[in-house]
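Student: Coordinates in work.cif, mmCIF, C-alpha atoms, are listed below.
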data_structure
#
loop_
_atom_site.label_atom_id
_atom_site.label_comp_id
_atom_site.auth_asym_id
_atom_site.auth_seq_id
_atom_site.Cartn_x
_atom_site.Cartn_y
_atom_site.Cartn_z
CA MET A 521 0.00 0.00 0.00
CA ILE A 522 1.14 3.54 -0.69
CA SER A 523 -0.07 4.71 2.71
CA LYS A 524 -2.68 3.98 5.34
CA MET A 525 -5.32 5.88 3.40
CA ILE A 526 -4.53 4.79 -0.15
CA LYS A 527 -5.00 1.46 -1.89
CA TYR A 528 -4.19 0.45 -5.47
CA TYR A 529 -7.18 -0.47 -7.39
CA CYS A 530 -8.27 -1.67 -10.77
CA LEU A 531 -8.64 0.79 -13.66
CA VAL A 532 -11.78 1.02 -15.80
CA PHE A 533 -10.82 -0.89 -18.93
CA VAL A 534 -12.35 1.35 -21.56
CA GLY A 535 -11.83 -0.28 -24.91
CA LEU A 536 -12.41 -3.85 -23.74
CA ILE A 537 -15.39 -4.22 -26.05
CA PHE A 538 -17.86 -7.06 -26.62
CA LEU A 539 -21.07 -7.22 -28.61
CA LEU A 540 -24.17 -8.28 -26.73
CA GLN A 541 -24.60 -11.36 -28.88
CA ASN A 542 -21.21 -12.48 -27.53
CA ASP A 543 -21.75 -14.17 -24.14
CA SER A 544 -18.33 -13.30 -22.71
CA PHE A 545 -18.57 -10.93 -19.78
CA ALA A 546 -17.04 -10.58 -16.31
CA GLN A 547 -17.33 -9.24 -12.80
CA GLN A 548 -14.73 -8.99 -10.08
CA SER A 549 -13.97 -8.23 -6.48
CA SER A 550 -10.81 -6.54 -5.28
CA SER A 551 -8.34 -6.64 -2.44
CA ASP A 552 -6.11 -3.86 -1.09
CA PHE A 553 -3.42 -4.38 -3.71
CA GLU A 554 -3.72 -6.61 -6.75
CA ALA A 555 -0.83 -7.64 -8.93
CA PHE A 556 -3.47 -8.79 -11.41
CA TYR A 557 -7.25 -8.90 -11.67
CA PHE A 558 -9.30 -12.06 -11.84
CA ASP A 559 -13.01 -12.22 -12.63
CA ALA A 560 -15.53 -15.02 -12.98
CA ILE A 561 -19.25 -15.10 -13.71
CA VAL A 562 -21.69 -17.98 -14.24
CA PHE A 563 -24.03 -18.23 -17.23
CA GLU A 564 -26.24 -21.05 -18.45
CA GLY A 565 -24.19 -23.92 -19.89
CA LYS A 566 -24.57 -26.04 -23.00
CA THR A 567 -26.43 -28.79 -21.17
CA PRO A 568 -29.13 -28.60 -18.46
CA ASP A 569 -26.86 -29.88 -15.69
CA SER A 570 -23.87 -27.60 -16.36
CA GLY A 571 -22.94 -23.95 -16.12
CA ARG A 572 -20.52 -21.87 -18.13
CA VAL A 573 -17.99 -19.95 -16.04
CA ASP A 574 -16.38 -17.07 -17.89
CA CYS A 575 -12.96 -16.33 -16.37
CA PHE A 576 -11.01 -13.15 -17.06
CA ILE A 577 -7.40 -12.42 -16.18
CA VAL A 578 -6.09 -8.88 -16.54
CA VAL A 579 -2.42 -8.04 -15.88
CA PRO A 580 -1.47 -4.33 -16.01
CA TYR A 581 1.93 -3.64 -17.57
CA ASP A 582 3.19 -1.83 -14.48
CA ARG A 583 2.78 -5.02 -12.40
CA LEU A 584 5.33 -6.89 -14.56
CA ASN A 585 9.11 -6.77 -14.83
CA PHE A 586 10.33 -5.83 -18.31
CA VAL A 587 13.76 -6.25 -19.88
CA SER A 588 15.14 -4.12 -22.69
CA VAL A 589 16.16 -5.94 -25.88
CA ASP A 590 17.18 -3.97 -29.00
CA GLU A 591 15.51 -0.83 -27.68
CA LYS A 592 12.26 -2.74 -27.13
CA PHE A 593 10.86 -3.96 -23.84
CA SER A 594 9.62 -7.46 -23.12
CA ALA A 595 7.96 -9.28 -20.20
CA MET A 596 6.74 -12.83 -19.74
CA TYR A 597 4.35 -14.37 -17.25
CA GLY A 598 2.69 -17.72 -16.72
CA VAL A 599 -0.86 -18.50 -15.65
CA GLU A 600 -2.25 -21.54 -13.82
CA LEU A 601 -6.06 -21.63 -13.81
CA SER A 602 -7.69 -24.28 -11.58
CA ALA A 603 -11.14 -25.21 -10.33
CA PHE A 604 -11.75 -27.12 -7.08
CA ASP A 605 -15.03 -28.66 -5.97
CA SER A 606 -16.49 -28.44 -2.46
CA SER A 607 -14.31 -31.36 -1.27
CA GLY A 608 -11.13 -29.61 -2.44
CA THR A 609 -10.62 -31.93 -5.41
CA LYS A 610 -9.15 -30.27 -8.47
CA VAL A 611 -11.61 -30.75 -11.34
CA TYR A 612 -10.03 -28.44 -13.92
CA GLU A 613 -6.58 -27.10 -14.71
CA GLU A 614 -5.11 -25.09 -17.55
CA VAL A 615 -1.58 -23.68 -17.75
CA PHE A 616 -0.39 -21.15 -20.32
CA SER A 617 2.19 -18.39 -20.80
CA LYS A 618 2.03 -14.88 -22.24
CA THR A 619 4.78 -12.67 -23.68
CA ILE A 620 4.23 -8.90 -23.60
CA LYS A 621 5.96 -6.32 -25.80
CA ALA A 622 6.16 -2.59 -25.04
CA ASP A 623 7.56 0.18 -27.23
CA ASP A 624 9.11 2.28 -24.48
CA TYR A 625 9.93 2.44 -20.78
CA PHE A 626 7.04 4.81 -20.14
CA SER A 627 4.57 2.11 -21.22
CA THR A 628 6.14 -0.53 -18.97
CA LYS A 629 5.45 1.69 -15.96
CA GLY A 630 1.76 2.04 -16.77
CA GLY A 631 2.06 5.43 -18.43
CA ASN A 632 -0.51 4.47 -21.05
CA ALA A 633 -2.60 2.33 -18.67
CA GLU A 634 -1.97 -0.72 -20.87
CA PHE A 635 -2.78 -4.24 -19.74
CA ASP A 636 -2.78 -7.80 -21.02
CA PHE A 637 -6.11 -9.58 -21.15
CA SER A 638 -6.97 -13.29 -21.22
CA GLN A 639 -10.37 -14.97 -21.30
CA LYS A 640 -11.00 -18.61 -20.51
CA ILE A 641 -14.30 -20.51 -20.35
CA ILE A 642 -14.84 -23.44 -18.00
CA TYR A 643 -17.88 -25.74 -18.08
CA LEU A 644 -18.73 -27.12 -14.66
CA PRO A 645 -21.57 -29.24 -13.23
CA GLU A 646 -23.93 -28.05 -10.52
CA GLY A 647 -22.21 -27.38 -7.21
CA LYS A 648 -19.95 -25.07 -5.26
CA PHE A 649 -16.47 -24.37 -6.58
CA ARG A 650 -13.34 -22.35 -5.91
CA ILE A 651 -11.65 -20.94 -8.99
CA LYS A 652 -7.97 -20.16 -8.41
CA VAL A 653 -5.52 -18.28 -10.60
CA VAL A 654 -1.76 -18.12 -10.04
CA VAL A 655 0.22 -15.59 -12.11
CA SER A 656 4.01 -16.02 -12.18
CA ASP A 657 6.35 -13.28 -13.35
CA LYS A 658 9.01 -15.19 -15.30
CA LEU A 659 11.72 -12.58 -14.74
CA ASN A 660 11.70 -12.24 -10.97
CA LYS A 661 10.02 -15.60 -10.20
CA GLN A 662 7.39 -13.80 -8.11
CA GLN A 663 4.00 -15.51 -7.86
CA TYR A 664 0.62 -13.90 -7.18
CA GLU A 665 -2.57 -15.77 -6.40
CA ARG A 666 -6.25 -14.94 -6.41
CA SER A 667 -9.31 -17.10 -5.98
CA ARG A 668 -13.05 -16.78 -6.06
CA ASN A 669 -15.85 -18.95 -4.72
CA LEU A 670 -18.95 -19.42 -6.85
CA THR A 671 -21.98 -21.65 -7.20
CA VAL A 672 -23.09 -23.26 -10.45
CA ILE A 673 -26.83 -23.91 -10.63
CA ASN A 674 -29.08 -25.63 -13.14
CA PHE A 675 -30.88 -22.61 -14.53
CA ARG A 676 -33.49 -24.86 -16.15
CA ASN A 677 -34.79 -26.02 -12.78
CA PHE A 678 -36.53 -22.65 -12.41
CA ASP A 679 -39.45 -21.12 -14.27
CA LEU A 680 -37.40 -17.95 -14.55
CA ALA A 681 -33.74 -17.41 -13.62
CA LEU A 682 -31.16 -14.63 -13.79
CA SER A 683 -27.46 -15.03 -14.58
CA GLY A 684 -24.62 -13.35 -12.78
CA ILE A 685 -24.26 -9.57 -13.01
CA LEU A 686 -21.73 -7.55 -14.99
CA LEU A 687 -21.04 -3.87 -14.29
CA VAL A 688 -20.83 -1.78 -17.46
CA SER A 689 -19.61 1.80 -17.79
CA THR A 690 -21.09 2.63 -21.22
CA ILE A 691 -23.49 1.12 -23.75
CA GLU A 692 -23.79 2.30 -27.35
CA GLU A 693 -26.21 1.21 -30.05
CA ILE A 694 -24.53 0.87 -33.45
CA ASN A 695 -26.57 -0.31 -36.45
CA GLY A 696 -29.08 -2.06 -34.23
CA LYS A 697 -26.42 -3.81 -32.15
CA TYR A 698 -25.10 -2.85 -28.74
CA LYS A 699 -21.46 -2.24 -27.93
CA ILE A 700 -20.60 -2.26 -24.25
CA THR A 701 -17.58 -1.27 -22.18
CA PRO A 702 -17.40 -3.56 -19.13
CA HIS A 703 -16.28 -2.00 -15.87
CA ILE A 704 -14.07 -4.83 -14.62
CA SER A 705 -14.08 -3.84 -10.98
CA ASP A 706 -16.35 -3.92 -7.96
CA ASN A 707 -15.48 -0.27 -7.36
CA ILE A 708 -17.90 2.22 -8.96
CA GLY A 709 -16.41 5.28 -7.25
CA ASN A 710 -15.12 6.87 -10.45
CA LEU A 711 -18.18 6.23 -12.59
CA ASN A 712 -19.32 9.79 -12.02
CA ASN A 713 -22.56 9.87 -13.97
CA ASN A 714 -24.10 6.41 -13.91
CA PHE A 715 -23.40 2.81 -14.74
CA PHE A 716 -25.23 -0.18 -16.14
CA VAL A 717 -25.75 -3.77 -15.04
CA PHE A 718 -25.76 -6.46 -17.70
CA PHE A 719 -27.23 -9.94 -17.20
CA GLU A 720 -29.24 -12.68 -18.87
CA THR A 721 -32.75 -13.95 -18.19
CA TYR A 722 -33.68 -17.61 -18.70
CA SER A 723 -37.38 -18.36 -19.15
CA ASN A 724 -38.08 -22.08 -19.07
CA THR A 725 -41.80 -22.37 -18.27
CA ILE A 726 -43.61 -19.41 -19.78
CA LYS A 727 -46.24 -18.21 -17.34
CA HIS A 728 -46.09 -14.52 -18.27
CA ASP A 729 -45.72 -12.77 -21.61
CA SER A 730 -43.68 -10.09 -19.87
CA ILE A 731 -41.89 -9.44 -16.59
CA ASP A 732 -40.79 -6.34 -14.71
CA LEU A 733 -37.12 -5.84 -13.87
CA VAL A 734 -36.00 -3.55 -11.04
CA TRP A 735 -32.71 -2.82 -9.29
CA GLU A 736 -31.98 -2.04 -5.64
CA VAL A 737 -28.78 -0.91 -3.90
CA LEU A 738 -28.37 -2.01 -0.29
CA ASP A 739 -25.87 -0.78 2.29
CA ALA A 740 -23.84 -2.82 4.78
CA LYS A 741 -26.88 -2.99 7.09
CA ASP A 742 -28.93 -4.57 4.30
CA GLU A 743 -31.08 -1.45 4.04
CA ILE A 744 -32.20 -0.17 0.64
CA ILE A 745 -30.62 3.23 -0.10
CA ALA A 746 -31.73 3.48 -3.75
CA GLN A 747 -34.26 1.80 -5.99
CA GLY A 748 -34.90 1.88 -9.72
CA VAL A 749 -37.98 2.30 -11.83
CA ARG A 750 -39.44 -0.88 -13.22
CA LYS A 751 -38.52 -1.90 -16.75
CA ARG A 752 -40.98 -4.17 -18.52
CA VAL A 753 -39.46 -6.70 -20.91
CA SER A 754 -40.75 -9.62 -22.93
CA ALA A 755 -40.52 -13.08 -21.36
CA ASN A 756 -41.30 -15.09 -24.50
CA ALA A 757 -37.70 -15.99 -25.43
CA SER A 758 -35.95 -18.73 -23.47
CA ARG A 759 -32.76 -16.67 -23.21
CA GLN A 760 -32.47 -12.90 -23.38
CA GLN A 761 -29.73 -10.38 -22.64
CA GLN A 762 -30.76 -7.43 -20.48
CA PHE A 763 -29.29 -4.25 -19.03
CA LEU A 764 -30.50 -1.66 -16.55
CA GLN A 765 -29.12 1.81 -15.95
CA ILE A 766 -28.26 2.87 -12.41
CA PRO A 767 -27.86 6.64 -11.96
CA THR A 768 -25.58 8.45 -9.52
CA ILE A 769 -26.61 7.68 -5.93
CA GLU A 770 -26.01 10.72 -3.73
CA GLU A 771 -26.38 8.70 -0.51
CA MET A 772 -23.27 6.64 -1.27
CA THR A 773 -20.22 7.18 0.90
CA SER A 774 -17.02 5.12 0.99
CA GLY A 775 -17.84 1.50 1.76
CA SER A 776 -19.33 -1.76 0.51
CA TYR A 777 -22.77 -2.26 -1.00
CA VAL A 778 -24.89 -4.82 -2.83
CA VAL A 779 -26.69 -4.45 -6.15
CA ARG A 780 -29.78 -6.62 -6.28
CA LEU A 781 -31.77 -7.38 -9.44
CA ILE A 782 -35.34 -8.59 -9.10
CA ALA A 783 -37.69 -10.02 -11.72
CA LEU A 784 -41.32 -9.30 -10.73
CA LYS A 785 -44.70 -10.43 -11.88
CA PRO A 786 -46.03 -7.71 -14.20
CA ASP A 787 -49.31 -7.30 -12.29
CA THR A 788 -47.77 -6.54 -8.87
CA SER A 789 -48.32 -3.26 -7.07
CA TYR A 790 -45.68 -0.55 -6.59
CA ASN A 791 -45.01 -1.76 -3.03
CA TYR A 792 -43.93 -5.25 -4.00
CA THR A 793 -42.91 -7.93 -1.48
CA GLN A 794 -40.82 -11.08 -1.70
CA ASN A 795 -43.98 -12.98 -2.61
CA ASP A 796 -43.95 -11.10 -5.91
CA TYR A 797 -40.40 -12.17 -6.82
CA LEU A 798 -39.94 -14.41 -9.85
CA ALA A 799 -36.13 -14.43 -9.67
CA VAL A 800 -33.31 -12.59 -7.89
CA ALA A 801 -29.61 -12.05 -8.54
CA GLN A 802 -27.14 -9.87 -6.67
CA ARG A 803 -23.47 -8.95 -6.43
CA SER A 804 -21.26 -6.88 -4.18
CA ILE A 805 -19.95 -3.47 -5.20
CA LYS A 806 -17.71 -0.90 -3.54
CA TYR A 807 -17.67 2.86 -3.57
CA PHE A 808 -14.21 4.36 -3.20
CA ARG A 809 -13.16 7.35 -5.25
CA SER A 810 -9.82 6.82 -6.96
CA PHE A 811 -7.32 9.15 -8.52
CA ALA A 812 -4.29 8.39 -10.69
CA GLY A 813 -4.90 4.66 -10.32
CA VAL A 814 -5.26 4.53 -6.54
CA VAL A 815 -8.25 4.46 -4.26
CA ILE A 816 -8.64 7.06 -1.54
CA ASP A 817 -10.76 5.79 1.33
CA ASP A 818 -9.88 8.42 3.96
CA ILE A 819 -9.94 11.91 2.50
CA SER A 820 -9.20 13.52 5.88
CA SER A 821 -5.86 11.69 6.12
CA ALA A 822 -5.14 12.44 2.47
CA ILE A 823 -5.57 16.17 3.09
CA LYS A 824 -3.28 16.09 6.14
CA GLN A 825 -0.57 14.39 4.12
CA LEU A 826 -0.48 17.33 1.70
CA ARG A 827 1.57 19.37 4.17
CA TYR A 828 4.87 18.91 2.26
CA VAL A 829 3.50 19.75 -1.19
CA ALA A 830 0.66 22.23 -0.55
CA TYR A 831 0.56 25.61 1.18
CA GLN A 832 -1.77 26.20 4.08
CA HIS A 833 -4.28 28.12 1.99
CA ASP A 834 -4.49 25.12 -0.38
CA VAL A 835 -5.11 22.77 2.53
CA ASP A 836 -7.70 25.11 4.05
CA TYR A 837 -9.56 25.35 0.75
CA ILE A 838 -9.69 21.58 0.29
CA GLN A 839 -10.63 20.99 3.92
CA SER A 840 -13.48 23.55 3.73
CA GLY A 841 -15.46 21.44 1.28
CA LYS A 842 -19.00 20.98 2.53
CA ASN A 843 -18.77 17.18 2.42
CA ASN A 844 -16.29 14.42 1.63
CA GLN A 845 -17.26 14.36 -2.04
CA GLU A 846 -16.49 18.06 -2.47
CA LYS A 847 -13.24 17.70 -0.52
CA LEU A 848 -12.20 14.83 -2.76
CA LEU A 849 -13.04 16.84 -5.89
CA ARG A 850 -10.86 19.73 -4.67
CA PHE A 851 -8.10 17.26 -3.75
CA GLU A 852 -8.16 15.87 -7.29
CA GLN A 853 -8.12 19.36 -8.80
CA PHE A 854 -5.05 20.24 -6.73
CA TRP A 855 -3.10 17.25 -8.01
CA LYS A 856 -4.21 17.71 -11.61
CA LYS A 857 -2.47 21.10 -11.59
CA LEU A 858 0.80 19.32 -10.71
CA ASP A 859 0.42 16.49 -13.26
CA PRO A 860 3.50 16.49 -15.55
CA SER A 861 1.64 14.42 -18.19
CA PRO A 862 -2.03 15.52 -18.15
CA SER A 863 -2.79 13.63 -21.37
CA THR A 864 -2.17 10.24 -19.69
CA ASP A 865 -4.04 8.33 -16.99
CA ARG A 866 -1.09 8.45 -14.61
CA ASN A 867 -0.11 11.44 -12.51
CA GLU A 868 3.59 10.89 -11.88
CA ALA A 869 3.85 13.67 -9.28
CA PHE A 870 1.02 12.14 -7.26
CA ASP A 871 2.57 8.67 -7.50
CA GLU A 872 6.03 9.84 -6.49
CA TYR A 873 4.76 11.85 -3.54
CA TYR A 874 2.81 9.00 -1.97
CA LEU A 875 5.51 6.45 -2.71
CA ARG A 876 7.81 8.64 -0.63
CA ILE A 877 5.20 8.72 2.13
CA GLU A 878 5.03 4.93 2.03
CA PHE A 879 8.81 4.67 2.29
CA ALA A 880 8.89 7.14 5.19
CA ASN A 881 6.22 5.19 7.07
CA ARG A 882 8.18 1.96 6.66
CA ASN A 883 11.61 3.30 7.56
CA PHE A 884 11.39 6.38 9.78
CA ARG A 885 8.69 5.67 12.32
CA SER A 886 9.73 6.59 15.87
CA TYR A 887 7.88 9.14 17.99
CA THR A 888 5.09 9.42 15.41
CA GLU A 889 4.13 8.09 11.98
CA GLY A 890 7.10 7.97 9.64
CA TRP A 891 5.81 10.65 7.30
CA LEU A 892 5.55 13.09 10.22
CA THR A 893 9.11 12.61 11.47
CA ASP A 894 11.90 15.01 10.53
CA LYS A 895 13.57 12.33 8.44
CA GLY A 896 10.27 11.61 6.75
CA MET A 897 9.78 15.31 5.99
CA VAL A 898 13.19 15.65 4.35
CA TYR A 899 12.81 12.41 2.39
CA ILE A 900 9.36 13.34 1.08
CA VAL A 901 10.42 16.86 0.00
CA TYR A 902 13.85 16.06 -1.45
CA GLY A 903 13.82 12.32 -2.11
CA PRO A 904 16.57 9.82 -1.23
CA PRO A 905 19.97 11.33 -0.35
CA SER A 906 23.01 10.54 -2.46
CA SER A 907 24.97 9.56 0.66
CA VAL A 908 24.37 8.98 4.39
CA GLU A 909 27.05 9.29 7.09
CA ARG A 910 26.56 8.43 10.77
CA GLN A 911 28.92 9.26 13.64
CA GLN A 912 28.93 9.84 17.39
CA GLY A 913 29.21 13.42 18.59
CA TYR A 914 32.03 14.59 20.81
CA GLY A 915 31.02 15.45 24.36
CA ASP A 916 27.26 14.84 24.15
CA GLY A 917 27.41 11.18 23.07
CA LYS A 918 24.56 11.66 20.60
CA ILE A 919 24.44 9.88 17.25
CA TYR A 920 24.40 12.27 14.30
CA GLU A 921 23.36 11.35 10.78
CA LYS A 922 24.19 13.49 7.76
CA TRP A 923 22.24 13.28 4.51
CA SER A 924 24.00 14.74 1.48
CA TYR A 925 22.45 15.59 -1.88
CA ARG A 926 24.14 16.21 -5.24
CA ASN A 927 23.27 19.92 -5.23
CA ASN A 928 25.43 20.43 -2.10
CA ARG A 929 22.37 20.42 0.14
CA GLU A 930 22.98 18.73 3.52
CA PHE A 931 20.77 17.80 6.48
CA ILE A 932 22.03 16.67 9.87
CA PHE A 933 19.80 14.73 12.27
CA ALA A 934 20.54 14.07 15.94
CA ASP A 935 19.27 11.06 17.92
CA ASN A 936 18.27 12.82 21.14
CA THR A 937 17.20 9.74 23.10
CA GLY A 938 19.40 6.93 21.79
CA PHE A 939 16.33 5.07 20.55
CA GLY A 940 16.28 6.29 16.95
CA ASP A 941 14.44 9.52 17.78
CA TYR A 942 16.19 11.56 15.09
CA ARG A 943 15.34 15.26 15.01
CA LEU A 944 16.54 17.82 12.48
CA TYR A 945 19.68 19.45 13.91
CA ARG A 946 20.84 21.56 10.97
CA PRO A 947 19.22 23.40 9.27
CA LEU A 948 16.57 24.02 11.87
CA SER A 949 13.66 23.85 9.45
CA VAL A 950 12.59 23.05 5.88
CA THR A 951 10.71 25.71 3.94
CA GLU A 952 10.72 24.21 0.43
CA LYS A 953 7.89 22.09 -0.96
CA PHE A 954 7.92 18.81 -2.86
CA GLN A 955 8.40 19.23 -6.60
CA TYR A 956 8.33 16.46 -9.18
CA ASN A 957 11.67 16.47 -11.03
CA ARG A 958 11.94 13.57 -13.45
#
Take the structure in this file and express it as C-alpha cells.
Tutor:
Amino acid sequence: MISKMIKYYCLVFVGLIFLLQNDSFAQQSSSDFEAFYFDAIVFEGKTPDSGRVDCFIVVPYDRLNFVSVDEKFSAMYGVELSAFDSSGTKVYEEVFSKTIKADDYFSTKGGNAEFDFSQKIIYLPEGKFRIKVVVSDKLNKQQYERSRNLTVINFRNFDLALSGILLVSTIEEINGKYKITPHISDNIGNLNNNFFVFFETYSNTIKHDSIDLVWEVLDAKDEIIAQGVRKRVSANASRQQQFLQIPTIEEMTSGSYVVRLIALKPDTSYNYTQNDYLAVAQRSIKYFRSFAGVVIDDISSAIKQLRYVAYQHDVDYIQSGKNNQEKLLRFEQFWKKLDPSPSTDRNEAFDEYYLRIEFANRNFRSYTEGWLTDKGMVYIVYGPPSSVERQQGYGDGKIYEKWSYRNNREFIFADNTGFGDYRLYRPLSVTEKFQYNR
C-alpha cells in the first residue's frame, strides 16, 4: 500500500469491447493491492446440468518486470487456472504463458494504462467451486494468487432465472447492435454519472408474456438506499440479454454495498414484497473514489498528508469542502495542476509523492508516523539522499546522521534519546515544498 489511506485499485478498462450477442462478460472483487485482476461469472451452460464460467485475467503492464532488448521492452508471465469442488478436489486445470511487448519504458510503468487480457471458459456441473488463478512473473520468479468462490446452478430447474451480473460503464447502439464497455471492478467510485448492469434472463416455463425488472442498492446494514424504476421486458424468449441503468446515488459514501436485481410479476403493485419475486440475482460493489490509479478511502488523512506539497491556503480550501465528495473533488483538482503528463491516466507527481510517504512510514517511524518525522519530511520533500554518514558526537554522546544531496544540500539529524528519535539538527527547518523532477 502507498499509505494507510490509499489502496491500489483496478482501472476502468475502456476499450475492452464485446457485442451483446457475444456471451463473454465478467465481474470482479478486489483486495487492497492486486498484482493482477481475476473475474468469474456464471451463465447457463450447454447442457441442463452444467454452467458456463467465464474467467477473465487482466495483468497491467506496471505489475510486470520488463527487460530491454534492441531498444524494445519485453515481459513474460505464466498462468495456472484451476477449479476445485467443495471437497477440495481439483476438477479443472489449464496452464499457459504470455509474452508482452512494449515500445518504451514509459509504457512498462503504466504510463498508457496498458494491460494484457486473457479470457477462458470453464464448463462445470452443478455445485460449489473455488476458482484459483496463479500468475508467475518469469523474470523475478514472483507468484501472485487470487481465488473466487462461486456456485453453479441448473438454470433450467426454475421457471425464470437470472445469470450473474456484470457492471458496465457505457453502452452504445450501433446499427441495431449494442457495444458495451465492461467495468471490470467492484469499485464504482469513479463512474461519475451512472453505470449499467448487464445480465441474462432464462425463461423455461412461460407463465407470463412479460416481466418487470427492477434494481436495488443495499448498504452494509442490508437497508435499501436506492431503488430503480421498473422496466418491462418480454418473457417469451428462453434466453435474453438485459441491461439496466443505475444513476448516480447521492447517498453513497465510501464503503461496501450490494446491487440486487429482481424479476417481478407484471401485475404486482408498486409496493412489491418477496412474494412477488420471480427471480433474484445480486453482487457486491464498492464505492471508493480513486485518482491516478489509486483508491482514496480516507480523505481527511489524504488532506493532512499534503503538508509537504501544498501551502496552508491550499489545505484550508480543500478541507473547507461541505462534504467528503467536495473535498475529494478539490483534492483531485489540486493534483491535476501538478500532473506532468495531463494527457495520460497516470499522474507521476502524485505517484512519487505517496511512494515517498510509504517509504517514510516503513523506515522512519519513531515518535510518530514515519511521514511526520523530521527524516520523513526531508525524504518526502527532497527524495533519497546521495549519501548517508553516521557518527557519534564529541562530548554529548549523541548519534548524528548526515544526509547529502548532489546539489550540495545537507541535512544533519541528531538522535536525542538513543532510541532512533532523530530530530533535524541543521538546518533548523525546511521551507521548500515537494516538486516532481523527473
Student: Evaluate the PyMOL selection byres ((chain A and resi 643) around 10) and record the selected residues as an NGL selection string, following the chain and residue labels used in the document.
Tutor: :A and (562-567 or 570-574 or 612 or 641-642 or 644-646 or 672)
Student: Write out the residues from the selection above, keeping C-alpha atoms, as a PDB file, in the coordinates of the input.
Tutor:
ATOM      1  CA  VAL A 562     -21.690 -17.980 -14.240  1.00  0.00           C
ATOM      2  CA  PHE A 563     -24.030 -18.230 -17.230  1.00  0.00           C
ATOM      3  CA  GLU A 564     -26.240 -21.050 -18.450  1.00  0.00           C
ATOM      4  CA  GLY A 565     -24.190 -23.920 -19.890  1.00  0.00           C
ATOM      5  CA  LYS A 566     -24.570 -26.040 -23.000  1.00  0.00           C
ATOM      6  CA  THR A 567     -26.430 -28.790 -21.170  1.00  0.00           C
ATOM      7  CA  SER A 570     -23.870 -27.600 -16.360  1.00  0.00           C
ATOM      8  CA  GLY A 571     -22.940 -23.950 -16.120  1.00  0.00           C
ATOM      9  CA  ARG A 572     -20.520 -21.870 -18.130  1.00  0.00           C
ATOM     10  CA  VAL A 573     -17.990 -19.950 -16.040  1.00  0.00           C
ATOM     11  CA  ASP A 574     -16.380 -17.070 -17.890  1.00  0.00           C
ATOM     12  CA  TYR A 612     -10.030 -28.440 -13.920  1.00  0.00           C
ATOM     13  CA  ILE A 641     -14.300 -20.510 -20.350  1.00  0.00           C
ATOM     14  CA  ILE A 642     -14.840 -23.440 -18.000  1.00  0.00           C
ATOM     15  CA  LEU A 644     -18.730 -27.120 -14.660  1.00  0.00           C
ATOM     16  CA  PRO A 645     -21.570 -29.240 -13.230  1.00  0.00           C
ATOM     17  CA  GLU A 646     -23.930 -28.050 -10.520  1.00  0.00           C
ATOM     18  CA  VAL A 672     -23.090 -23.260 -10.450  1.00  0.00           C
TER      19      VAL A 672
END
Student: Evaluating the PyMOL selection byres ((chain A and resi 690) around 8) on the displayed file yields which residues, as a compact mmCIF listing (two decimals) with C-alpha atoms, in the frame of the given file?
Tutor:
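File written: result_3.txt
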# COMPACT_ATOMS: atom_id res chain seq x y z
CA VAL A 688 -20.83 -1.78 -17.46
CA SER A 689 -19.61 1.80 -17.79
CA ILE A 691 -23.49 1.12 -23.75
CA GLU A 692 -23.79 2.30 -27.35
CA ILE A 700 -20.60 -2.26 -24.25
CA THR A 701 -17.58 -1.27 -22.18
CA PRO A 702 -17.40 -3.56 -19.13
CA PHE A 715 -23.40 2.81 -14.74
CA PHE A 716 -25.23 -0.18 -16.14
Student: Considering only C-alpha atoms, state which residue in the set A:Val901, A:Ile919, A:Ile685, A:Ala783 is at the smallest distance from Phe954 (chain A).
Tutor: A:Val901
Student: Please expand the PyMOL selection byres ((chain A and resi 754-756) around 6) into the concrete residues it hits in this file, giving the result as a list in words.
Tutor: Asp729, Ser730, Val753 and Ala757 of chain A
Student: With a distance cut-off of 10 Å and only C-alpha atoms, select the neighbouring residues of Arg946 (chain A), excluding the residue or stretch itself and same-chain residues fewer than 6 positions from it, and output the selection as a ChimeraX atom specification.
Tutor: /A:922,930-934
Student: Using all atoms listed in the file and a cutoff of 9 Å, can you tell me which residues are near (-3.5, -9.0, -15.1) in the file's coordinates, and write them out as an MDAnalysis selection string?
Tutor: chainID A and resid 554:558 576:581 583 635:638 655
Student: Using only C-alpha atoms for the distances, tell me which of A:Ser617, A:Ser723, A:Ser840, A:Asn669 is nearest to Gln761 (chain A).
Tutor: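 The answer is A:Ser723, which sits nearest to Gln761 (chain A).
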Student: So, counting all atoms listed in the file, which residue among A:Tyr797, A:Phe718, A:Tyr925, A:Tyr777 is closest to Gln760 (chain A)?
Tutor: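 Checking each candidate against Gln760 (chain A), we get A:Phe718 as the closest.
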Student: Using all atoms listed in the file, pick whichever of A:Gln912, A:Asn928, A:Ser602, A:Thr628 has the shortest atom-to-atom distance to Phe649 (chain A).
Tutor: A:Ser602
Student: Out of A:Val737, A:Ile819, A:Leu711, A:Leu798, which residue has the shortest atom-to-atom distance to Ser774 (chain A) when counting all atoms listed in the file?
Tutor: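 Of the candidates, the smallest distance to Ser774 (chain A) is held by A:Ile819.
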Student: Can you tell me how far CA of Ile805 (chain A) sits from CA of Arg850 (chain A), in Å to one decimal?
Tutor: 24.9 Å
Student: Just the residues within 12 Å of Tyr828 (chain A), please, counting all atoms listed in the file, with nothing from its chain fewer than 5 positions along; format it as a list in words.
Tutor: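 Everything that qualifies: Ala822, Ile823, Asp834, Val835, Tyr873, Tyr874, Arg876, Ile877, Trp891, Leu892, Thr893, Asp894, Gly896, Met897, Val898, Tyr899, Ile900, Val901, Tyr902, Gly903, Val950, Thr951, Glu952, Lys953, Phe954 and Gln955 of chain A.
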Student: Which of these residues is nearest to Gln825 (chain A), using all atoms listed in the file: A:Gly890, A:Gly775, A:Gly684, A:Pro786?
Tutor: A:Gly890
Student: Write out as an MDAnalysis selection string each polymer residue whose atoms come within 10 Å of region 738-740 of chain A, counting all atoms listed in the file; drop sequence neighbours fewer than 3 positions from it.
Tutor: chainID A and resid 743:747 771:773 775:780 804:805
Student: For the atom pair CA of Pro905 (chain A) and CA of Trp855 (chain A), what is the interatomic distance in Å to one decimal place?
Tutor: 25.0 Å
Student: For the atom pair CA of Arg866 (chain A) and CA of His833 (chain A), what is the interatomic distance in Å to one decimal place?
Tutor: 25.9 Å
Student: Using all atoms listed in the file, which residues sit within 10 Å of Trp735 (chain A) once same-chain residues fewer than 4 positions away are excluded, as a list of chain:residue names?
Tutor: A:Val717, A:Ala746, A:Gln747, A:Gly748, A:Val749, A:Arg750, A:Lys751, A:Leu764, A:Gln765, A:Ile766, A:Val779, A:Arg780, A:Leu781, A:Ile782, A:Ala783, A:Val800, A:Ala801, A:Gln802
